[in-house]
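Peer 1: This is the structure I have questions about; it appears just below.
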Amino acid sequence: MTRLLYFAWVKEKVGKSAEEVVLPSDVATVAELIAWLKTRGPEFANAFEREDVIRAAIDRSHVRHDARIGAAREIAFFPPVTGG
Amino acid sequence: MIRVQHEDFDIGAEIARLTQGRRDIGAIVTFTGTVRDQSGAVDQMSIEHYPGMTESELARIEAEACARWKLQASLIVHRYGTLAPGDNIVLVVTASEHRDAAFDAARFLMDYLKSSAPFWKRESGKGGNHWVEASASDDAATASWNKKHAAE
């Protein structure tokens with residue numbers, strides 16, 4: 001199982017903040033994970049519509065969309081950060 | 001040191017705690033970020049963050065500053081939750097022997113924090129309810145540090 005987390009407007013659009021999923025075996029990168037998520041329902045298609053603006057983190061470190069998921073336990077998706 | 005908290009902070013008390021008993025500090029720089037209501041349309045600002053990653057990102061940024069400058073002490077405090085215009089959001093304190101390191105490190109910490117610490121601001125009020133958009137100038141500020149680093 002992999003824990004997926006969503007923050008800010010990604011969370012609002014998806015309608016949940018976290019879930020545990022079994023990733024399909026052909027999902028190897030963050031970009032492939034996003035493509036798969038978009039097939040899971042209109043809320044996911046909507047949340048990830050502008051996928052180039054979505055940021056990702058694997059096990060709490062920022063990663064690019066071409067990053068490999070490997071043995072990740074926690075993958076998070078969120079908009080560009082706006083702290084400070 | 002880094003702290004992520006809902007509670008407000010007292011700048012004087014934070015400096016006193018950071019520098020207590022120290023005789024090797026000659027310069028202290030602080031930066032405070034506050035909630036701004038630019039157009040009279042903001043009643044509240046809610047700040048969400050990613051518990052766990054926030055702390056590790058702030059610690060990473062602080063370690064990076066300590067690797068670049070000789071700092072005697074440093075502190076980052078960032079608030080989350082519901083705040084109002086005028087409220088404190090973030091505090092950065094840097095202490096060094098001479099002022100240049102403290103000034104430069106404080107600016108570096110803020111620039112990096114803005115582009116990588118996982119916080120998201122949502123404004124609500126007369127102007128409606130919306131997530132604050134990330135600013136391209138924040139990413140540019142971070143990129144300029146990377147360029148300086150590459151040139152060194």
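Chain identifiers are assigned as A, B, and so on, following the order in which chains appear in the structure tokens; residues are numbered from 1 within each chain, and ligands are numbered from 1 in order of appearance.
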Could you tell me which residues of chain B sit within 9 Å of chain A when counting only C-alpha atoms, and give me the result as a PyMOL selection string?
Peer 2: chain B and resi 32-34+47-50+52-54+56-57+78+89-91+110-111+113-122+131-135
Peer 1: Write the residues you've just listed into a file as a CSV table (one decimal), in the first residue's frame, and include N, CA, C and O atoms for each of them.
Peer 2:
```csv
chain,number,residue,atom,x,y,z
B,32,THR,N,10.5,39.5,9.9
B,32,THR,CA,9.1,39.1,10.3
B,32,THR,C,8.2,39.3,9.1
B,32,THR,O,8.1,40.3,8.5
B,33,GLY,N,7.5,38.2,8.8
B,33,GLY,CA,6.4,38.3,7.7
B,33,GLY,C,5.1,38.4,8.4
B,33,GLY,O,4.8,37.6,9.3
B,34,THR,N,4.2,39.3,7.9
B,34,THR,CA,2.9,39.4,8.6
B,34,THR,C,1.8,39.3,7.5
B,34,THR,O,2.0,39.4,6.3
B,47,ILE,N,-3.6,29.2,7.0
B,47,ILE,CA,-2.3,28.6,6.5
B,47,ILE,C,-2.3,27.1,6.8
B,47,ILE,O,-2.4,26.7,7.9
B,48,GLU,N,-2.2,26.4,5.7
B,48,GLU,CA,-2.2,24.9,5.8
B,48,GLU,C,-0.7,24.5,5.6
B,48,GLU,O,0.0,25.2,4.9
B,49,HIS,N,-0.4,23.4,6.1
B,49,HIS,CA,1.0,22.9,5.9
B,49,HIS,C,1.0,21.4,5.9
B,49,HIS,O,0.0,20.7,6.1
B,50,TYR,N,2.2,20.8,5.6
B,50,TYR,CA,2.4,19.4,5.5
B,50,TYR,C,3.2,18.9,6.7
B,50,TYR,O,4.4,18.9,6.6
B,52,GLY,N,5.4,17.2,9.1
B,52,GLY,CA,6.5,16.2,8.9
B,52,GLY,C,7.4,16.8,7.8
B,52,GLY,O,8.6,17.0,8.0
B,53,MET,N,6.8,17.0,6.6
B,53,MET,CA,7.7,17.6,5.5
B,53,MET,C,8.0,19.0,5.8
B,53,MET,O,9.2,19.5,5.5
B,54,THR,N,7.1,19.8,6.4
B,54,THR,CA,7.4,21.2,6.7
B,54,THR,C,8.7,21.3,7.6
B,54,THR,O,9.6,22.0,7.3
B,56,SER,N,11.0,19.0,8.1
B,56,SER,CA,12.3,18.5,7.4
B,56,SER,C,12.7,19.5,6.4
B,56,SER,O,14.0,19.7,6.2
B,57,GLU,N,11.8,20.2,5.7
B,57,GLU,CA,12.3,21.2,4.7
B,57,GLU,C,12.9,22.4,5.4
B,57,GLU,O,13.9,22.9,5.0
B,78,HIS,N,7.5,29.4,12.0
B,78,HIS,CA,6.4,29.6,11.0
B,78,HIS,C,5.1,29.2,11.6
B,78,HIS,O,5.0,28.1,12.2
B,89,ILE,N,3.3,35.9,10.7
B,89,ILE,CA,3.3,34.6,10.1
B,89,ILE,C,4.6,33.9,10.3
B,89,ILE,O,4.6,32.7,10.7
B,90,VAL,N,5.7,34.6,10.0
B,90,VAL,CA,7.0,33.9,10.0
B,90,VAL,C,8.0,34.8,10.6
B,90,VAL,O,8.0,36.0,10.5
B,91,LEU,N,9.0,34.1,11.3
B,91,LEU,CA,10.1,34.9,11.9
B,91,LEU,C,11.4,34.1,11.5
B,91,LEU,O,11.5,32.9,11.7
B,110,MET,N,14.7,33.2,3.9
B,110,MET,CA,13.3,33.6,3.5
B,110,MET,C,13.1,33.2,2.0
B,110,MET,O,12.0,32.7,1.7
B,111,ASP,N,14.0,33.5,1.2
B,111,ASP,CA,13.8,33.1,-0.2
B,111,ASP,C,13.6,31.6,-0.4
B,111,ASP,O,12.7,31.2,-1.2
B,113,LEU,N,12.7,29.4,1.9
B,113,LEU,CA,11.4,29.0,2.6
B,113,LEU,C,10.2,29.3,1.7
B,113,LEU,O,9.4,28.4,1.6
B,114,LYS,N,10.2,30.4,1.0
B,114,LYS,CA,9.1,30.8,0.2
B,114,LYS,C,8.9,29.9,-1.0
B,114,LYS,O,7.8,29.6,-1.5
B,115,SER,N,10.0,29.3,-1.5
B,115,SER,CA,9.9,28.5,-2.7
B,115,SER,C,9.9,27.0,-2.4
B,115,SER,O,9.5,26.2,-3.2
B,116,SER,N,10.2,26.6,-1.1
B,116,SER,CA,10.2,25.1,-0.9
B,116,SER,C,9.5,24.6,0.4
B,116,SER,O,9.2,23.4,0.5
B,117,ALA,N,9.2,25.5,1.4
B,117,ALA,CA,8.6,25.0,2.6
B,117,ALA,C,7.1,24.8,2.3
B,117,ALA,O,6.4,25.7,1.7
B,118,PRO,N,6.5,23.6,2.6
B,118,PRO,CA,5.1,23.2,2.1
B,118,PRO,C,4.1,23.9,3.0
B,118,PRO,O,3.5,23.3,3.9
B,119,PHE,N,3.8,25.2,2.7
B,119,PHE,CA,2.8,26.0,3.3
B,119,PHE,C,1.9,26.5,2.2
B,119,PHE,O,2.4,26.8,1.1
B,120,TRP,N,0.6,26.6,2.5
B,120,TRP,CA,-0.3,27.2,1.5
B,120,TRP,C,-1.3,28.2,2.2
B,120,TRP,O,-1.9,27.8,3.2
B,121,LYS,N,-1.4,29.4,1.6
B,121,LYS,CA,-2.2,30.4,2.2
B,121,LYS,C,-3.6,30.5,1.5
B,121,LYS,O,-3.6,30.5,0.3
B,122,ARG,N,-4.6,30.6,2.3
B,122,ARG,CA,-5.9,30.9,1.7
B,122,ARG,C,-6.5,32.1,2.4
B,122,ARG,O,-6.6,32.2,3.6
B,131,TRP,N,-7.3,30.5,-2.7
B,131,TRP,CA,-5.9,30.2,-2.4
B,131,TRP,C,-5.0,31.2,-3.0
B,131,TRP,O,-5.2,31.6,-4.2
B,132,VAL,N,-4.0,31.6,-2.3
B,132,VAL,CA,-3.0,32.6,-2.8
B,132,VAL,C,-2.2,32.0,-3.8
B,132,VAL,O,-1.8,30.8,-3.7
B,133,GLU,N,-2.0,32.7,-5.0
B,133,GLU,CA,-1.2,32.1,-6.1
B,133,GLU,C,0.3,32.3,-5.7
B,133,GLU,O,0.7,33.3,-5.2
B,134,ALA,N,1.1,31.3,-6.1
B,134,ALA,CA,2.5,31.4,-5.9
B,134,ALA,C,3.1,32.5,-6.8
B,134,ALA,O,2.5,32.8,-7.9
B,135,SER,N,4.1,33.2,-6.3
B,135,SER,CA,4.6,34.3,-7.1
B,135,SER,C,5.9,33.9,-7.9
B,135,SER,O,6.8,33.3,-7.3
```
Peer 1: Can you tell me, as an MDAnalysis selection string, which residues in range 1-68 of chain A count as helix (DSSP H, G or I) by DSSP?
Peer 2: chainID A and resid 8:14 30:40 42:47 51:53
Peer 1: Using N, CA, C and O atoms, can you export the residues from the last selection as a compact mmCIF listing (two decimals), in the first residue's frame?
Peer 2:
```txt
# COMPACT_ATOMS: atom_id res chain seq x y z
N ALA A 8 -4.12 21.69 0.01
CA ALA A 8 -4.65 22.95 -0.53
C ALA A 8 -5.71 22.67 -1.60
O ALA A 8 -6.58 21.84 -1.39
N TRP A 9 -5.66 23.36 -2.76
CA TRP A 9 -6.77 23.15 -3.70
C TRP A 9 -6.76 21.77 -4.35
O TRP A 9 -7.79 21.31 -4.85
N VAL A 10 -5.64 21.08 -4.34
CA VAL A 10 -5.65 19.70 -4.85
C VAL A 10 -6.54 18.86 -3.93
O VAL A 10 -7.39 18.08 -4.40
N LYS A 11 -6.38 19.05 -2.62
CA LYS A 11 -7.20 18.34 -1.63
C LYS A 11 -8.69 18.68 -1.82
O LYS A 11 -9.54 17.78 -1.80
N GLU A 12 -8.98 19.96 -1.99
CA GLU A 12 -10.39 20.35 -2.15
C GLU A 12 -11.02 19.73 -3.39
O GLU A 12 -12.16 19.29 -3.37
N LYS A 13 -10.26 19.73 -4.47
CA LYS A 13 -10.82 19.18 -5.72
C LYS A 13 -10.97 17.66 -5.66
O LYS A 13 -11.95 17.12 -6.16
N VAL A 14 -9.99 17.00 -5.06
CA VAL A 14 -10.06 15.54 -4.94
C VAL A 14 -11.13 15.13 -3.93
O VAL A 14 -11.76 14.07 -4.06
N VAL A 30 6.20 9.48 -11.10
CA VAL A 30 5.17 10.40 -10.62
C VAL A 30 4.22 10.77 -11.75
O VAL A 30 3.00 10.79 -11.57
N ALA A 31 4.77 11.02 -12.94
CA ALA A 31 3.92 11.39 -14.08
C ALA A 31 2.94 10.26 -14.41
O ALA A 31 1.77 10.51 -14.71
N GLU A 32 3.42 9.02 -14.34
CA GLU A 32 2.53 7.87 -14.60
C GLU A 32 1.47 7.72 -13.51
O GLU A 32 0.34 7.34 -13.78
N LEU A 33 1.86 8.06 -12.29
CA LEU A 33 0.89 8.01 -11.19
C LEU A 33 -0.21 9.06 -11.41
O LEU A 33 -1.40 8.77 -11.23
N ILE A 34 0.19 10.26 -11.84
CA ILE A 34 -0.81 11.30 -12.11
C ILE A 34 -1.75 10.85 -13.23
O ILE A 34 -2.96 11.01 -13.14
N ALA A 35 -1.17 10.27 -14.28
CA ALA A 35 -2.00 9.80 -15.40
C ALA A 35 -3.01 8.76 -14.92
O ALA A 35 -4.18 8.78 -15.33
N TRP A 36 -2.57 7.88 -14.03
CA TRP A 36 -3.48 6.85 -13.49
C TRP A 36 -4.55 7.48 -12.59
O TRP A 36 -5.73 7.16 -12.70
N LEU A 37 -4.12 8.42 -11.74
CA LEU A 37 -5.08 9.07 -10.84
C LEU A 37 -6.20 9.74 -11.64
O LEU A 37 -7.37 9.69 -11.25
N LYS A 38 -5.83 10.35 -12.78
CA LYS A 38 -6.83 11.06 -13.58
C LYS A 38 -7.91 10.15 -14.14
O LYS A 38 -8.98 10.61 -14.53
N THR A 39 -7.63 8.84 -14.16
CA THR A 39 -8.64 7.89 -14.67
C THR A 39 -9.58 7.44 -13.56
O THR A 39 -10.51 6.67 -13.81
N ARG A 40 -9.33 7.89 -12.32
CA ARG A 40 -10.10 7.35 -11.19
C ARG A 40 -11.41 8.10 -10.93
O ARG A 40 -12.11 7.78 -9.98
N PRO A 42 -14.02 11.91 -12.12
CA PRO A 42 -14.00 13.30 -12.57
C PRO A 42 -13.31 14.24 -11.57
O PRO A 42 -12.70 15.23 -11.98
N GLU A 43 -13.41 13.93 -10.28
CA GLU A 43 -12.76 14.81 -9.29
C GLU A 43 -11.24 14.77 -9.45
O GLU A 43 -10.56 15.79 -9.30
N PHE A 44 -10.70 13.59 -9.78
CA PHE A 44 -9.26 13.49 -10.00
C PHE A 44 -8.87 14.13 -11.33
O PHE A 44 -7.84 14.82 -11.41
N ALA A 45 -9.69 13.91 -12.36
CA ALA A 45 -9.40 14.51 -13.66
C ALA A 45 -9.37 16.03 -13.53
O ALA A 45 -8.51 16.71 -14.09
N ASN A 46 -10.29 16.57 -12.72
CA ASN A 46 -10.38 18.01 -12.50
C ASN A 46 -9.18 18.51 -11.68
O ASN A 46 -8.52 19.49 -12.04
N ALA A 47 -8.86 17.81 -10.60
CA ALA A 47 -7.76 18.25 -9.72
C ALA A 47 -6.42 18.26 -10.46
O ALA A 47 -5.58 19.13 -10.23
N GLU A 51 -1.76 19.57 -14.87
CA GLU A 51 -0.81 18.77 -14.10
C GLU A 51 0.59 19.39 -14.04
O GLU A 51 1.36 19.09 -13.13
N ASP A 52 0.89 20.29 -15.00
CA ASP A 52 2.23 20.91 -14.95
C ASP A 52 2.39 21.82 -13.74
O ASP A 52 3.53 22.09 -13.33
N VAL A 53 1.29 22.33 -13.17
CA VAL A 53 1.45 23.19 -11.99
C VAL A 53 1.47 22.39 -10.68
O VAL A 53 1.82 22.91 -9.64
```
Peer 1: Please determine, counting only C-alpha atoms, which residue among B:Gly21, B:Ile11, B:Ala41, B:Phe108 has the shortest atom-to-atom distance to Ala143 in chain B.
Peer 2: B:Phe108
Peer 1: CA of Gly86 in chain B and CA of Gly40 in chain B are how many Å apart?
Peer 2: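 If I compute the distance from CA of Gly86 in chain B to CA of Gly40 in chain B, I get 12.2 Å.
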Peer 1: Quick one, how far is CA of Thr142 in chain B from CA of Glu55 in chain B?
Peer 2: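 According to the coordinates, CA of Thr142 in chain B and CA of Glu55 in chain B are separated by 19.2 Å.
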